[in-house]
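Enquirer: I have a structure here, written as structure tokens, and I will follow up with some questions on it.
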Amino acid sequence: MRSYFVAVKIISTMLFVFLVGSLVLVTVYAVLSWTIIPRIKQARSSVRLARDGAEAEAVILSIERTGRYVNNEPLVKMLIKVQPVARRNFVAEISGVFTLMDLSTMRTGSILKVRYNPSDTREVMVVRK
């Protein structure tokens, strides 16, 4: 009878360790999925657009600060109308961190140089000078 209780205690301890370990793994995965992984994907996308993207001009339709800051520079969300030479115009939403000096020249109606992915027009980035 005593060995039965010892076996139950060992199994319950193993189950507890398994559940806690699983919870820790799920938490780590969730944190990575919401913080680091999107930044890695965005960085790869930016590099790919800078290298392979088609260049076009874009007109700012709206611009607003999100209220968030990165290194004391505001995160901005813009709605732009991209005007490619070889295809129809399209509207895209982009967000990025811009210096206050850059923002002083960005107004509704301003023209920007952008690069975009011709096969996925949701991927657009501003070309910095």
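FYI, nothing fancy with the structure tokens labels: chains A, B, ... in order, residues from 1 per chain, ligands from 1 as they appear.
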Quick one: DSSP alpha helix (DSSP H) residues in chain A, as a count of residues only?

Expert: 56

Enquirer: Just want the 9 Å neighbourhood of Arg122 (chain A), counted on only C-alpha atoms, with same-chain residues fewer than 6 positions away dropped. Output as a list in words.

Expert: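 The contact residues come out as Val91, Ala92, Glu93, Ile94 and Tyr116 of chain A.
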
Enquirer: Do a neighbour search on region 54-60 of chain A at 10 Å with only C-alpha atoms, toss out local chain neighbours closer than 2 positions, and write the hits as a ChimeraX atom specification.

Expert: /A:49-52,62-63,78-86,89-93,106-118,124-127

Enquirer: Could you check the closest approach to Lys77 (chain A) for each of A:Leu61, A:Ser95, A:Val8, A:Ile40 and tell me which residue wins, using only C-alpha atoms?

Expert: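 With only C-alpha atoms as the atom set, the closest residue is A:Ser95.
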
Enquirer: Just the number, please: distance in Å from CA of Thr99 (chain A) to CA of Glu73 (chain A), one decimal.

Expert: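 Separation of CA of Thr99 (chain A) and CA of Glu73 (chain A): 5.6 Å.
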
Enquirer: Could you state the separation of CA of Gly53 (chain A) and CA of Glu123 (chain A) in Å, given to one decimal place?

Expert: 9.1 Å

Enquirer: What does the structure give for the distance between CA of Gly21 (chain A) and CA of Ala7 (chain A), in Å to one decimal?

Expert: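 Calculated distance between CA of Gly21 (chain A) and CA of Ala7 (chain A) is 20.9 Å.
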
Enquirer: Would you mind writing down, as an MDAnalysis selection string, each residue of region 26-124 of chain A that DSSP on the backbone assigns to strand (DSSP E or B)?

Expert: chainID A and resid 54:70 73:83 90:97 111:117 120:124
